[in-house]
file start.cif (mmCIF, C-alpha atoms and all ligand atoms)
data_upload
loop_
_atom_site.label_atom_id
_atom_site.label_comp_id
_atom_site.auth_asym_id
_atom_site.auth_seq_id
_atom_site.Cartn_x
_atom_site.Cartn_y
_atom_site.Cartn_z
CA MET A 199 0.00 0.00 0.00
CA LYS A 200 1.65 3.21 -1.18
CA ILE A 201 -1.11 5.65 -0.21
CA SER A 202 0.09 8.30 2.25
CA ALA A 203 -1.02 11.65 3.64
CA LYS A 204 0.38 13.26 0.48
CA THR A 205 -1.66 11.19 -1.97
CA LYS A 206 -4.03 13.24 -4.13
CA ILE A 207 -7.56 11.92 -4.63
CA CYS A 208 -9.31 11.62 -7.98
CA MET A 209 -12.74 10.09 -8.41
CA VAL A 210 -15.65 9.30 -10.66
CA ILE A 211 -19.18 10.27 -9.62
CA GLY A 212 -22.46 8.99 -10.95
CA ASN A 213 -25.68 7.33 -9.90
CA PRO A 214 -25.46 4.37 -10.25
CA ILE A 215 -21.66 4.06 -10.19
CA GLU A 216 -20.91 0.51 -9.04
CA HIS A 217 -20.49 -0.66 -12.66
CA SER A 218 -17.80 1.94 -13.43
CA LEU A 219 -14.44 0.67 -14.69
CA SER A 220 -12.74 4.06 -14.22
CA PRO A 221 -11.07 3.21 -10.87
CA GLN A 222 -9.47 0.07 -12.36
CA ILE A 223 -8.11 1.83 -15.45
CA HIS A 224 -6.83 5.01 -13.76
CA ASN A 225 -5.22 3.14 -10.84
CA ALA A 226 -3.60 0.66 -13.26
CA GLY A 227 -2.17 3.67 -15.10
CA TYR A 228 -0.80 5.20 -11.86
CA GLU A 229 0.81 1.89 -10.98
CA LYS A 230 2.41 1.46 -14.40
CA LEU A 231 3.93 4.96 -14.19
CA GLY A 232 5.02 4.45 -10.55
CA ILE A 233 2.87 7.36 -9.35
CA GLU A 234 0.48 5.30 -7.19
CA SER A 235 1.76 7.06 -4.07
CA ASP A 236 0.93 10.43 -5.66
CA TYR A 237 -2.61 9.63 -6.89
CA VAL A 238 -5.45 7.31 -6.00
CA TYR A 239 -8.74 7.03 -7.93
CA VAL A 240 -12.03 6.00 -6.31
CA ALA A 241 -15.75 5.97 -7.21
CA CYS A 242 -18.56 7.75 -5.35
CA ASN A 243 -22.29 7.35 -5.75
CA VAL A 244 -23.67 10.91 -5.69
CA GLU A 245 -27.37 11.59 -6.04
CA ILE A 246 -28.29 14.46 -8.34
CA GLN A 247 -29.92 16.52 -5.57
CA ASN A 248 -26.62 16.40 -3.63
CA ILE A 249 -24.38 17.74 -6.38
CA ALA A 250 -23.97 21.24 -4.81
CA ASP A 251 -22.93 19.70 -1.47
CA PHE A 252 -20.61 17.33 -3.29
CA ILE A 253 -18.84 20.24 -5.01
CA LYS A 254 -18.44 21.99 -1.65
CA GLY A 255 -16.80 18.76 -0.46
CA VAL A 256 -14.43 18.76 -3.46
CA ARG A 257 -13.31 22.26 -2.48
CA ALA A 258 -13.08 21.50 1.24
CA MET A 259 -11.14 18.26 0.77
CA GLN A 260 -9.07 19.56 -2.12
CA ILE A 261 -9.99 16.62 -4.34
CA ARG A 262 -7.72 16.85 -7.41
CA GLY A 263 -9.98 15.54 -10.17
CA VAL A 264 -13.57 14.42 -10.68
CA SER A 265 -14.90 12.45 -13.65
CA CYS A 266 -18.66 12.96 -14.05
CA THR A 267 -21.01 10.46 -15.57
CA ILE A 268 -24.81 10.10 -15.77
CA PRO A 269 -26.68 12.04 -14.42
CA HIS A 270 -24.19 14.77 -13.46
CA LYS A 271 -22.61 16.04 -16.69
CA ILE A 272 -24.98 18.96 -17.16
CA GLU A 273 -26.08 19.78 -13.61
CA VAL A 274 -22.50 20.08 -12.33
CA MET A 275 -21.66 22.92 -14.74
CA LYS A 276 -23.29 25.70 -12.75
CA HIS A 277 -21.25 24.89 -9.64
CA LEU A 278 -17.81 25.29 -11.25
CA ASP A 279 -15.54 28.36 -11.43
CA GLU A 280 -14.67 27.95 -15.13
CA VAL A 281 -16.09 25.82 -17.92
CA ASP A 282 -13.88 25.62 -20.98
CA GLU A 283 -15.21 26.69 -24.37
CA VAL A 284 -15.47 23.16 -25.78
CA ALA A 285 -17.44 21.82 -22.80
CA GLU A 286 -19.68 24.88 -23.06
CA LYS A 287 -20.35 24.18 -26.74
CA ILE A 288 -21.04 20.48 -26.10
CA GLY A 289 -23.18 21.49 -23.12
CA ALA A 290 -21.69 18.95 -20.72
CA VAL A 291 -18.72 18.56 -18.37
CA ASN A 292 -17.28 15.09 -17.80
CA THR A 293 -14.03 16.23 -16.16
CA ILE A 294 -13.33 18.62 -13.28
CA VAL A 295 -9.79 19.64 -12.38
CA ASN A 296 -9.08 21.40 -9.09
CA GLU A 297 -6.25 23.89 -9.69
CA ASN A 298 -5.39 25.19 -6.22
CA GLY A 299 -9.02 25.72 -5.28
CA VAL A 300 -10.26 26.81 -8.72
CA LEU A 301 -12.60 24.22 -10.24
CA ASN A 302 -12.28 23.98 -14.03
CA GLY A 303 -14.70 21.93 -16.15
CA TYR A 304 -13.75 20.12 -19.37
CA ASN A 305 -15.25 17.63 -21.79
CA THR A 306 -13.08 14.74 -22.99
CA ASP A 307 -15.88 12.60 -24.50
CA TRP A 308 -15.44 14.20 -27.93
CA LEU A 309 -11.72 13.37 -27.83
CA GLY A 310 -12.67 9.77 -27.08
CA VAL A 311 -14.58 9.80 -30.37
CA VAL A 312 -12.10 11.58 -32.64
CA ILE A 313 -8.92 9.95 -31.32
CA ALA A 314 -10.43 6.48 -31.74
CA LEU A 315 -11.61 7.36 -35.28
CA GLU A 316 -8.36 9.02 -36.30
CA LYS A 317 -6.46 5.82 -35.50
CA VAL A 318 -8.35 4.38 -38.49
CA THR A 319 -9.05 7.33 -40.84
CA SER A 320 -8.78 11.07 -41.32
CA LEU A 321 -12.10 12.84 -40.69
CA LYS A 322 -11.62 15.74 -43.09
CA ASN A 323 -14.52 15.82 -45.64
CA LYS A 324 -15.72 12.36 -44.55
CA ARG A 325 -19.48 11.75 -44.55
CA VAL A 326 -20.43 10.80 -40.99
CA ALA A 327 -23.83 9.32 -40.17
CA LEU A 328 -24.68 9.74 -36.53
CA ILE A 329 -27.55 7.59 -35.24
CA GLY A 330 -28.94 9.19 -32.06
CA ALA A 331 -29.26 12.73 -30.78
CA GLY A 332 -28.80 12.47 -27.00
CA GLY A 333 -25.87 13.35 -24.73
CA ALA A 334 -23.24 11.10 -26.34
CA ALA A 335 -24.35 12.26 -29.80
CA ARG A 336 -23.61 15.89 -28.85
CA ALA A 337 -19.96 15.02 -28.19
CA VAL A 338 -19.79 13.08 -31.49
CA ALA A 339 -21.40 15.93 -33.45
CA TYR A 340 -18.95 18.44 -31.98
CA GLY A 341 -15.92 16.19 -32.50
CA VAL A 342 -16.46 15.13 -36.09
CA THR A 343 -17.52 18.58 -37.35
CA GLN A 344 -14.56 20.11 -35.52
CA ARG A 345 -12.32 17.81 -37.58
CA GLY A 346 -13.99 18.82 -40.89
CA ALA A 347 -16.40 15.91 -41.44
CA LYS A 348 -19.88 16.34 -42.99
CA LEU A 349 -22.59 15.35 -40.54
CA THR A 350 -25.94 13.61 -41.10
CA ILE A 351 -28.00 12.73 -38.03
CA TYR A 352 -30.66 9.99 -37.93
CA ASN A 353 -32.83 9.88 -34.84
CA ARG A 354 -36.08 8.28 -33.72
CA THR A 355 -37.30 11.73 -32.65
CA ILE A 356 -36.56 13.87 -35.70
CA GLU A 357 -36.98 17.17 -33.78
CA LYS A 358 -33.96 16.32 -31.61
CA ALA A 359 -31.87 15.52 -34.69
CA LYS A 360 -32.88 18.88 -36.19
CA GLU A 361 -31.91 20.72 -32.97
CA LEU A 362 -28.41 19.22 -33.09
CA ILE A 363 -28.05 19.98 -36.79
CA ASN A 364 -29.03 23.60 -36.14
CA GLU A 365 -26.03 23.82 -33.83
CA PHE A 366 -23.46 21.76 -35.71
CA GLY A 367 -24.59 21.90 -39.36
CA GLY A 368 -25.53 19.07 -41.73
CA GLU A 369 -28.74 17.13 -42.42
CA ALA A 370 -31.32 15.50 -40.17
CA TYR A 371 -33.49 12.45 -40.89
CA SER A 372 -35.81 10.19 -38.96
CA LEU A 373 -34.90 6.52 -38.48
CA ASP A 374 -37.69 5.67 -40.97
CA ASP A 375 -35.66 7.37 -43.68
CA ILE A 376 -32.31 5.65 -43.16
CA GLU A 377 -31.60 4.17 -46.65
CA GLY A 378 -29.22 7.03 -47.51
CA ILE A 379 -26.83 5.79 -44.82
CA LYS A 380 -25.43 3.41 -47.48
CA ASN A 381 -23.58 6.39 -49.00
CA MET A 382 -21.79 7.42 -45.80
CA ASP A 383 -18.15 6.73 -44.92
CA ILE A 384 -18.52 6.44 -41.16
CA ILE A 385 -21.57 5.33 -39.15
CA PHE A 386 -21.66 6.04 -35.42
CA ASN A 387 -24.31 4.52 -33.15
CA ALA A 388 -25.01 6.86 -30.23
CA THR A 389 -28.34 5.30 -29.27
CA SER A 390 -28.88 2.83 -26.44
CA VAL A 391 -30.15 0.21 -28.93
CA GLY A 392 -28.02 -2.92 -28.49
CA LEU A 393 -27.10 -2.44 -24.82
CA ALA A 394 -26.83 -5.61 -22.70
CA SER A 395 -30.47 -5.19 -21.63
CA ASN A 396 -31.58 -5.42 -25.31
CA LYS A 397 -28.53 -7.07 -26.82
CA ASN A 398 -30.41 -8.76 -29.68
CA GLU A 399 -31.48 -5.41 -31.11
CA THR A 400 -29.61 -3.26 -33.60
CA PRO A 401 -30.22 0.29 -34.81
CA LEU A 402 -29.30 -0.51 -38.44
CA PRO A 403 -30.32 -3.31 -40.83
CA LYS A 404 -27.33 -5.47 -41.74
CA GLU A 405 -27.88 -5.07 -45.49
CA LEU A 406 -27.22 -1.31 -45.29
CA MET A 407 -23.61 -1.91 -44.20
CA THR A 408 -20.79 -2.64 -46.67
CA ASN A 409 -17.05 -3.26 -46.63
CA LYS A 410 -16.49 0.45 -47.34
CA HIS A 411 -17.98 1.54 -44.01
CA ILE A 412 -16.32 2.29 -40.70
CA ILE A 413 -18.86 1.41 -38.01
CA PHE A 414 -18.36 2.77 -34.47
CA ASP A 415 -20.74 1.78 -31.68
CA ALA A 416 -20.67 3.90 -28.48
CA ILE A 417 -22.02 0.93 -26.51
CA TYR A 418 -19.33 -1.00 -24.62
CA VAL A 419 -21.50 -3.48 -22.67
CA PRO A 420 -21.71 -5.89 -24.39
CA TYR A 421 -18.16 -5.48 -25.65
CA GLU A 422 -19.27 -6.45 -29.16
CA THR A 423 -22.84 -5.48 -30.03
CA ARG A 424 -25.04 -7.07 -32.66
CA LEU A 425 -24.41 -3.98 -34.81
CA LEU A 426 -20.64 -4.57 -34.71
CA ARG A 427 -20.94 -8.33 -35.25
CA GLU A 428 -23.07 -7.77 -38.35
CA ALA A 429 -20.81 -4.97 -39.58
CA LYS A 430 -17.88 -7.37 -39.37
CA GLN A 431 -19.82 -9.98 -41.34
CA GLN A 432 -20.38 -7.34 -44.06
CA GLY A 433 -16.64 -6.67 -44.17
CA ALA A 434 -16.81 -3.21 -42.56
CA THR A 435 -14.08 -1.81 -40.33
CA ILE A 436 -15.38 -1.72 -36.75
CA ILE A 437 -14.53 0.35 -33.67
CA HIS A 438 -15.71 -0.81 -30.24
CA GLY A 439 -17.32 1.60 -27.75
CA MET A 440 -14.54 0.64 -25.37
CA GLU A 441 -12.14 2.75 -27.46
CA MET A 442 -14.22 5.89 -26.78
CA LEU A 443 -14.30 5.08 -23.08
CA LEU A 444 -10.54 4.50 -23.08
CA GLN A 445 -9.55 7.61 -25.04
CA GLN A 446 -11.72 9.96 -22.96
CA ALA A 447 -10.12 8.46 -19.82
CA ILE A 448 -6.62 8.90 -21.27
CA ALA A 449 -7.35 12.61 -21.81
CA GLN A 450 -8.61 12.88 -18.21
CA PHE A 451 -5.49 11.11 -16.91
CA LYS A 452 -3.32 13.81 -18.50
CA LEU A 453 -5.48 16.60 -17.04
CA TYR A 454 -5.35 15.13 -13.51
CA THR A 455 -1.69 14.08 -13.37
CA GLY A 456 0.12 15.95 -16.16
CA HIS A 457 1.47 12.57 -17.35
CA ASP A 458 0.79 10.77 -20.64
CA ALA A 459 -1.31 7.73 -19.78
CA PRO A 460 0.02 4.23 -20.49
CA GLU A 461 -2.56 3.40 -23.17
CA ASP A 462 -1.87 -0.32 -23.60
CA VAL A 463 -2.06 -1.07 -19.88
CA MET A 464 -5.34 0.80 -19.55
CA ARG A 465 -6.80 -0.85 -22.67
CA ASN A 466 -5.90 -4.32 -21.35
CA VAL A 467 -7.57 -3.63 -18.01
CA LEU A 468 -10.73 -2.52 -19.81
CA LEU A 469 -10.68 -5.48 -22.18
CA ASP A 470 -10.21 -7.96 -19.32
CA ASN A 471 -13.12 -6.48 -17.40
CA LEU A 472 -15.48 -6.20 -20.37
CA ILE A 473 -14.78 -9.67 -21.70
CA THR A 474 -15.23 -11.15 -18.21
CA LYS A 475 -18.58 -9.34 -17.99
CA GLU A 476 -19.56 -10.63 -21.43
CA LYS A 477 -18.86 -14.22 -20.36
CA LYS A 478 -21.02 -13.67 -17.28
CA TYR A 479 -23.95 -12.52 -19.47
CA ALA A 480 -23.50 -15.48 -21.81
CA ASN A 481 -23.89 -17.95 -18.92
P1 LIG A 501 -29.39 9.57 -24.15
O1 LIG A 501 -30.49 9.01 -23.30
O2 LIG A 501 -29.00 10.99 -23.98
O3 LIG A 501 -29.78 9.36 -25.71
C1 LIG A 501 -30.32 8.13 -26.13
C2 LIG A 501 -30.47 8.12 -27.65
O4 LIG A 501 -30.89 6.81 -28.02
C3 LIG A 501 -31.52 9.09 -28.18
O5 LIG A 501 -31.11 9.55 -29.44
C4 LIG A 501 -32.75 8.19 -28.31
O6 LIG A 501 -33.67 8.62 -29.30
C5 LIG A 501 -32.11 6.90 -28.78
N1 LIG A 501 -32.94 5.72 -28.48
C6 LIG A 501 -33.20 5.20 -27.25
N2 LIG A 501 -33.98 4.10 -27.38
C7 LIG A 501 -34.21 3.95 -28.71
C8 LIG A 501 -34.95 3.00 -29.48
N3 LIG A 501 -35.60 1.99 -28.89
N4 LIG A 501 -34.95 3.14 -30.81
C9 LIG A 501 -34.29 4.15 -31.42
N5 LIG A 501 -33.57 5.08 -30.75
C10 LIG A 501 -33.54 4.98 -29.42
O7 LIG A 501 -28.16 8.58 -23.92
P2 LIG A 501 -26.60 8.90 -24.10
O8 LIG A 501 -26.44 9.76 -25.29
O9 LIG A 501 -26.03 9.32 -22.82
O10 LIG A 501 -26.02 7.43 -24.41
C11 LIG A 501 -26.25 6.79 -25.66
C12 LIG A 501 -25.40 5.52 -25.74
O11 LIG A 501 -24.01 5.86 -25.73
C13 LIG A 501 -25.62 4.59 -24.55
O12 LIG A 501 -25.70 3.29 -25.06
C14 LIG A 501 -24.38 4.76 -23.70
O13 LIG A 501 -24.06 3.56 -23.03
C15 LIG A 501 -23.33 5.08 -24.75
N6 LIG A 501 -22.19 5.88 -24.24
C16 LIG A 501 -20.93 5.40 -24.41
C17 LIG A 501 -19.84 6.13 -23.98
C18 LIG A 501 -18.46 5.58 -24.17
O14 LIG A 501 -17.52 6.13 -23.58
N7 LIG A 501 -18.27 4.55 -24.98
C19 LIG A 501 -20.02 7.44 -23.33
C20 LIG A 501 -21.39 7.87 -23.21
C21 LIG A 501 -22.43 7.09 -23.65
P3 LIG A 501 -34.83 9.69 -28.95
O15 LIG A 501 -34.20 11.04 -29.06
O16 LIG A 501 -35.86 9.44 -29.98
O17 LIG A 501 -35.32 9.37 -27.55
#

call {"tool": "encode", "arguments": {"input": "start.cif", "output": "structure tokens"}}
result
Amino acid sequence: MKISAKTKICMVIGNPIEHSLSPQIHNAGYEKLGIESDYVYVACNVEIQNIADFIKGVRAMQIRGVSCTIPHKIEVMKHLDEVDEVAEKIGAVNTIVNENGVLNGYNTDWLGVVIALEKVTSLKNKRVALIGAGGAARAVAYGVTQRGAKLTIYNRTIEKAKELINEFGGEAYSLDDIEGIKNMDIIFNATSVGLASNKNETPLPKELMTNKHIIFDAIYVPYETRLLREAKQQGATIIHGMEMLLQQAIAQFKLYTGHDAPEDVMRNVLLDNLITKEKKYAN
């Protein structure tokens, strides 16, 4: 045990939070870099009505960093000292850094999207189809348009797709009008269709995917969704939701510690955990 009175605390908050893999990946990173006496990362279940008190606690206890997940990403914003321009534009903070008592809010979700995509392709002038128009979709819309891609959003509720397009540019369609997705370069699923609770569902008919597509699913439980399995069968290039989770955490790691995160170690921890979970569901 290397924790001492000098160890700085980082944490993830959410409700529920017990499923979070953030403590495992951040602590594995600290250990790999030999900074596990400097930082420790824990998880706290914080109810939404307690967020103001929680932030007072962050100030009082001089917590170094806070990762925010559902339902806190929007509500937390009004309690911070500064929210950076990107987080303001996306409308959500997933990262708080305490700089000597000043609480700064950032968003690293969009980096999770673009870094994972840019390992496979450049985004400039690519046609990106985004299925979904909720919180995750906002980070995707910001990220891909920021990198020069052309955006088309498909959503069950067309009004929400139109709202996002008004902010980020592009075209909006309902899910009933999805045929045109065949002509896209990249397809990103930012809906909850295909999550473990409805793992036999998919947001996109298999026959609309080809070997020219890059298909990215935000969902990471199950590790490989029906959408990704079928995309693979069609010869498409696939990107797992785990990569978004990993890359947004890597950006947080740098903000909290100032160190470059050990990507491979953190990816392996995530993979181990997600594949173990997958086996549990299969049984
Ligand atoms: P939201 O609740 O904000 O948005 C949900 C979206 O899914 C909406 O566009 C909604 O459409 C659509 N949707 C829900 N049910 C259906 C359905 N039955 N048929 C068609 N569309 C449906 O959720 P988030 O944006 O926060 O999360 C979306 C997904 O992204 C989740 O699966 C989540 O796990 C994943 N995620 C992954 C992250 C990662 O790091 N890999 C990070 C954050 C999220 P409508 O507008 O019509 O209601």

call {"tool": "residues_around", "arguments": {"input": "start.cif", "residues": "segment 462-466 of chain A", "least_positions_apart": "5", "cutoff": "7 Å", "atoms": "only C-alpha atoms", "output": "list in words"}}
result
Ile223, Ala226, Gly227 and Leu444 of chain A

call {"tool": "write_last_selection", "arguments": {"input": "start.cif", "atoms": "C-alpha atoms", "output": "mmCIF file, in the coordinates of the input"}}
result
data_model
loop_
_atom_site.group_PDB
_atom_site.id
_atom_site.type_symbol
_atom_site.label_atom_id
_atom_site.label_comp_id
_atom_site.auth_asym_id
_atom_site.auth_seq_id
_atom_site.Cartn_x
_atom_site.Cartn_y
_atom_site.Cartn_z
ATOM 1 C CA ILE A 223 -8.110 1.830 -15.450
ATOM 2 C CA ALA A 226 -3.600 0.660 -13.260
ATOM 3 C CA GLY A 227 -2.170 3.670 -15.100
ATOM 4 C CA LEU A 444 -10.540 4.500 -23.080
#

call {"tool": "residues_around", "arguments": {"input": "start.cif", "residues": "segment 311-323 of chain A", "least_positions_apart": "4", "cutoff": "12 Å", "atoms": "all atoms listed in the file", "output": "PDB file with C-alpha atoms, in the frame of the given file"}}
result
ATOM      1  CA  ASN A 305     -15.250  17.630 -21.790  1.00  0.00           C
ATOM      2  CA  THR A 306     -13.080  14.740 -22.990  1.00  0.00           C
ATOM      3  CA  ASP A 307     -15.880  12.600 -24.500  1.00  0.00           C
ATOM      4  CA  LEU A 328     -24.680   9.740 -36.530  1.00  0.00           C
ATOM      5  CA  ALA A 334     -23.240  11.100 -26.340  1.00  0.00           C
ATOM      6  CA  ALA A 335     -24.350  12.260 -29.800  1.00  0.00           C
ATOM      7  CA  ARG A 336     -23.610  15.890 -28.850  1.00  0.00           C
ATOM      8  CA  ALA A 337     -19.960  15.020 -28.190  1.00  0.00           C
ATOM      9  CA  VAL A 338     -19.790  13.080 -31.490  1.00  0.00           C
ATOM     10  CA  ALA A 339     -21.400  15.930 -33.450  1.00  0.00           C
ATOM     11  CA  TYR A 340     -18.950  18.440 -31.980  1.00  0.00           C
ATOM     12  CA  GLY A 341     -15.920  16.190 -32.500  1.00  0.00           C
ATOM     13  CA  VAL A 342     -16.460  15.130 -36.090  1.00  0.00           C
ATOM     14  CA  THR A 343     -17.520  18.580 -37.350  1.00  0.00           C
ATOM     15  CA  GLN A 344     -14.560  20.110 -35.520  1.00  0.00           C
ATOM     16  CA  ARG A 345     -12.320  17.810 -37.580  1.00  0.00           C
ATOM     17  CA  GLY A 346     -13.990  18.820 -40.890  1.00  0.00           C
ATOM     18  CA  ALA A 347     -16.400  15.910 -41.440  1.00  0.00           C
ATOM     19  CA  LYS A 348     -19.880  16.340 -42.990  1.00  0.00           C
ATOM     20  CA  LEU A 349     -22.590  15.350 -40.540  1.00  0.00           C
ATOM     21  CA  MET A 382     -21.790   7.420 -45.800  1.00  0.00           C
ATOM     22  CA  ASP A 383     -18.150   6.730 -44.920  1.00  0.00           C
ATOM     23  CA  ILE A 384     -18.520   6.440 -41.160  1.00  0.00           C
ATOM     24  CA  ILE A 385     -21.570   5.330 -39.150  1.00  0.00           C
ATOM     25  CA  PHE A 386     -21.660   6.040 -35.420  1.00  0.00           C
ATOM     26  CA  ASN A 387     -24.310   4.520 -33.150  1.00  0.00           C
ATOM     27  CA  ALA A 388     -25.010   6.860 -30.230  1.00  0.00           C
ATOM     28  CA  HIS A 411     -17.980   1.540 -44.010  1.00  0.00           C
ATOM     29  CA  ILE A 412     -16.320   2.290 -40.700  1.00  0.00           C
ATOM     30  CA  ILE A 413     -18.860   1.410 -38.010  1.00  0.00           C
ATOM     31  CA  PHE A 414     -18.360   2.770 -34.470  1.00  0.00           C
ATOM     32  CA  ASP A 415     -20.740   1.780 -31.680  1.00  0.00           C
ATOM     33  CA  ALA A 416     -20.670   3.900 -28.480  1.00  0.00           C
ATOM     34  CA  THR A 435     -14.080  -1.810 -40.330  1.00  0.00           C
ATOM     35  CA  ILE A 436     -15.380  -1.720 -36.750  1.00  0.00           C
ATOM     36  CA  ILE A 437     -14.530   0.350 -33.670  1.00  0.00           C
ATOM     37  CA  HIS A 438     -15.710  -0.810 -30.240  1.00  0.00           C
ATOM     38  CA  GLY A 439     -17.320   1.600 -27.750  1.00  0.00           C
ATOM     39  CA  MET A 440     -14.540   0.640 -25.370  1.00  0.00           C
ATOM     40  CA  GLU A 441     -12.140   2.750 -27.460  1.00  0.00           C
ATOM     41  CA  MET A 442     -14.220   5.890 -26.780  1.00  0.00           C
ATOM     42  CA  LEU A 443     -14.300   5.080 -23.080  1.00  0.00           C
ATOM     43  CA  LEU A 444     -10.540   4.500 -23.080  1.00  0.00           C
ATOM     44  CA  GLN A 445      -9.550   7.610 -25.040  1.00  0.00           C
ATOM     45  CA  GLN A 446     -11.720   9.960 -22.960  1.00  0.00           C
ATOM     46  CA  ALA A 447     -10.120   8.460 -19.820  1.00  0.00           C
ATOM     47  CA  ILE A 448      -6.620   8.900 -21.270  1.00  0.00           C
ATOM     48  CA  ALA A 449      -7.350  12.610 -21.810  1.00  0.00           C
TER      49      ALA A 449
END

call {"tool": "closest_residue", "arguments": {"input": "start.cif", "among": "A:Gly368, A:Pro420, A:Gly303, A:Gly433", "to": "His277 of chain A", "atoms": "all atoms listed in the file"}}
result
A:Gly303

call {"tool": "residues_near_point", "arguments": {"input": "start.cif", "point": "(-31.2, -3.2, -42.0)", "cutoff": "12 Å", "atoms": "all atoms listed in the file", "output": "list in words"}}
result
Leu373, Asp374, Asp375, Ile376, Glu377, Gly378, Ile379, Lys380, Glu399, Thr400, Pro401, Leu402, Pro403, Lys404, Glu405, Leu406, Met407, Thr408, Arg424, Leu425, Glu428, Ala429 and Gln432 of chain A

call {"tool": "write_last_selection", "arguments": {"input": "start.cif", "atoms": "C-alpha atoms", "output": "mmCIF file, keeping the file's coordinate frame"}}
result
data_model
loop_
_atom_site.group_PDB
_atom_site.id
_atom_site.type_symbol
_atom_site.label_atom_id
_atom_site.label_comp_id
_atom_site.auth_asym_id
_atom_site.auth_seq_id
_atom_site.Cartn_x
_atom_site.Cartn_y
_atom_site.Cartn_z
ATOM 1 C CA LEU A 373 -34.900 6.520 -38.480
ATOM 2 C CA ASP A 374 -37.690 5.670 -40.970
ATOM 3 C CA ASP A 375 -35.660 7.370 -43.680
ATOM 4 C CA ILE A 376 -32.310 5.650 -43.160
ATOM 5 C CA GLU A 377 -31.600 4.170 -46.650
ATOM 6 C CA GLY A 378 -29.220 7.030 -47.510
ATOM 7 C CA ILE A 379 -26.830 5.790 -44.820
ATOM 8 C CA LYS A 380 -25.430 3.410 -47.480
ATOM 9 C CA GLU A 399 -31.480 -5.410 -31.110
ATOM 10 C CA THR A 400 -29.610 -3.260 -33.600
ATOM 11 C CA PRO A 401 -30.220 0.290 -34.810
ATOM 12 C CA LEU A 402 -29.300 -0.510 -38.440
ATOM 13 C CA PRO A 403 -30.320 -3.310 -40.830
ATOM 14 C CA LYS A 404 -27.330 -5.470 -41.740
ATOM 15 C CA GLU A 405 -27.880 -5.070 -45.490
ATOM 16 C CA LEU A 406 -27.220 -1.310 -45.290
ATOM 17 C CA MET A 407 -23.610 -1.910 -44.200
ATOM 18 C CA THR A 408 -20.790 -2.640 -46.670
ATOM 19 C CA ARG A 424 -25.040 -7.070 -32.660
ATOM 20 C CA LEU A 425 -24.410 -3.980 -34.810
ATOM 21 C CA GLU A 428 -23.070 -7.770 -38.350
ATOM 22 C CA ALA A 429 -20.810 -4.970 -39.580
ATOM 23 C CA GLN A 432 -20.380 -7.340 -44.060
#

call {"tool": "residues_around", "arguments": {"input": "start.cif", "residues": "segment 257-267 of chain A", "least_positions_apart": "4", "cutoff": "9 Å", "atoms": "only C-alpha atoms", "output": "ChimeraX atom specification"}}
result
/A:206-213,215,220,237,239,252-253,271,274,291-301,447,450,453-455

call {"tool": "axis_aligned_box", "arguments": {"input": "start.cif", "around": "segment 436-452 of chain A", "padding_each_side": "4 Å", "output": "JSON"}}
result
{"center_x": -10.3, "center_y": 6.0, "center_z": -26.8, "size_x": 22.0, "size_y": 23.5, "size_z": 27.8}

call {"tool": "atom_distance", "arguments": {"input": "start.cif", "atom1": "atom CA of Asn364 of chain A", "atom2": "atom CA of Tyr304 of chain A"}}
result
23.0 Å

call {"tool": "closest_residue", "arguments": {"input": "start.cif", "among": "A:Glu280, A:Glu369, A:Glu245, A:Glu361", "to": "Ala327 of chain A", "atoms": "only C-alpha atoms"}}
result
A:Glu369

call {"tool": "atom_distance", "arguments": {"input": "start.cif", "atom1": "atom CA of Pro269 of chain A", "atom2": "atom CA of His457 of chain A"}}
result
28.3 Å

call {"tool": "closest_residue", "arguments": {"input": "start.cif", "among": "A:Asp458, A:Leu469, A:Leu278, A:Glu273", "to": "Gln247 of chain A", "atoms": "all atoms listed in the file"}}
result
A:Glu273

call {"tool": "closest_residue", "arguments": {"input": "start.cif", "among": "A:Val240, A:Asn225, A:Leu219, A:Lys410", "to": "ligand LIG 501 (chain A)", "atoms": "all atoms listed in the file"}}
result
A:Leu219

call {"tool": "closest_residue", "arguments": {"input": "start.cif", "among": "A:Gly310, A:Pro214, A:Gly333, A:Gly456", "to": "Val244 of chain A", "atoms": "all atoms listed in the file"}}
result
A:Pro214

call {"tool": "closest_residue", "arguments": {"input": "start.cif", "among": "A:Asp279, A:Thr423, A:Asn409, A:Tyr418", "to": "Gly392 of chain A", "atoms": "all atoms listed in the file"}}
result
A:Thr423

call {"tool": "atom_distance", "arguments": {"input": "start.cif", "atom1": "atom CA of Ala359 of chain A", "atom2": "atom CA of Ala331 of chain A"}}
result
5.5 Å

call {"tool": "residues_near_point", "arguments": {"input": "start.cif", "point": "(2.3, 12.6, -6.3)", "cutoff": "10 Å", "atoms": "all atoms listed in the file", "output": "list in words"}}
result
Ile201, Ser202, Lys204, Thr205, Lys206, Tyr228, Gly232, Ile233, Glu234, Ser235, Asp236, Tyr237, Val238 and Thr455 of chain A

call {"tool": "write_last_selection", "arguments": {"input": "start.cif", "atoms": "C-alpha atoms", "output": "CSV table (one decimal), in the frame of the given file"}}
result
chain,number,residue,atom,x,y,z
A,201,ILE,CA,-1.1,5.6,-0.2
A,202,SER,CA,0.1,8.3,2.2
A,204,LYS,CA,0.4,13.3,0.5
A,205,THR,CA,-1.7,11.2,-2.0
A,206,LYS,CA,-4.0,13.2,-4.1
A,228,TYR,CA,-0.8,5.2,-11.9
A,232,GLY,CA,5.0,4.4,-10.6
A,233,ILE,CA,2.9,7.4,-9.4
A,234,GLU,CA,0.5,5.3,-7.2
A,235,SER,CA,1.8,7.1,-4.1
A,236,ASP,CA,0.9,10.4,-5.7
A,237,TYR,CA,-2.6,9.6,-6.9
A,238,VAL,CA,-5.4,7.3,-6.0
A,455,THR,CA,-1.7,14.1,-13.4
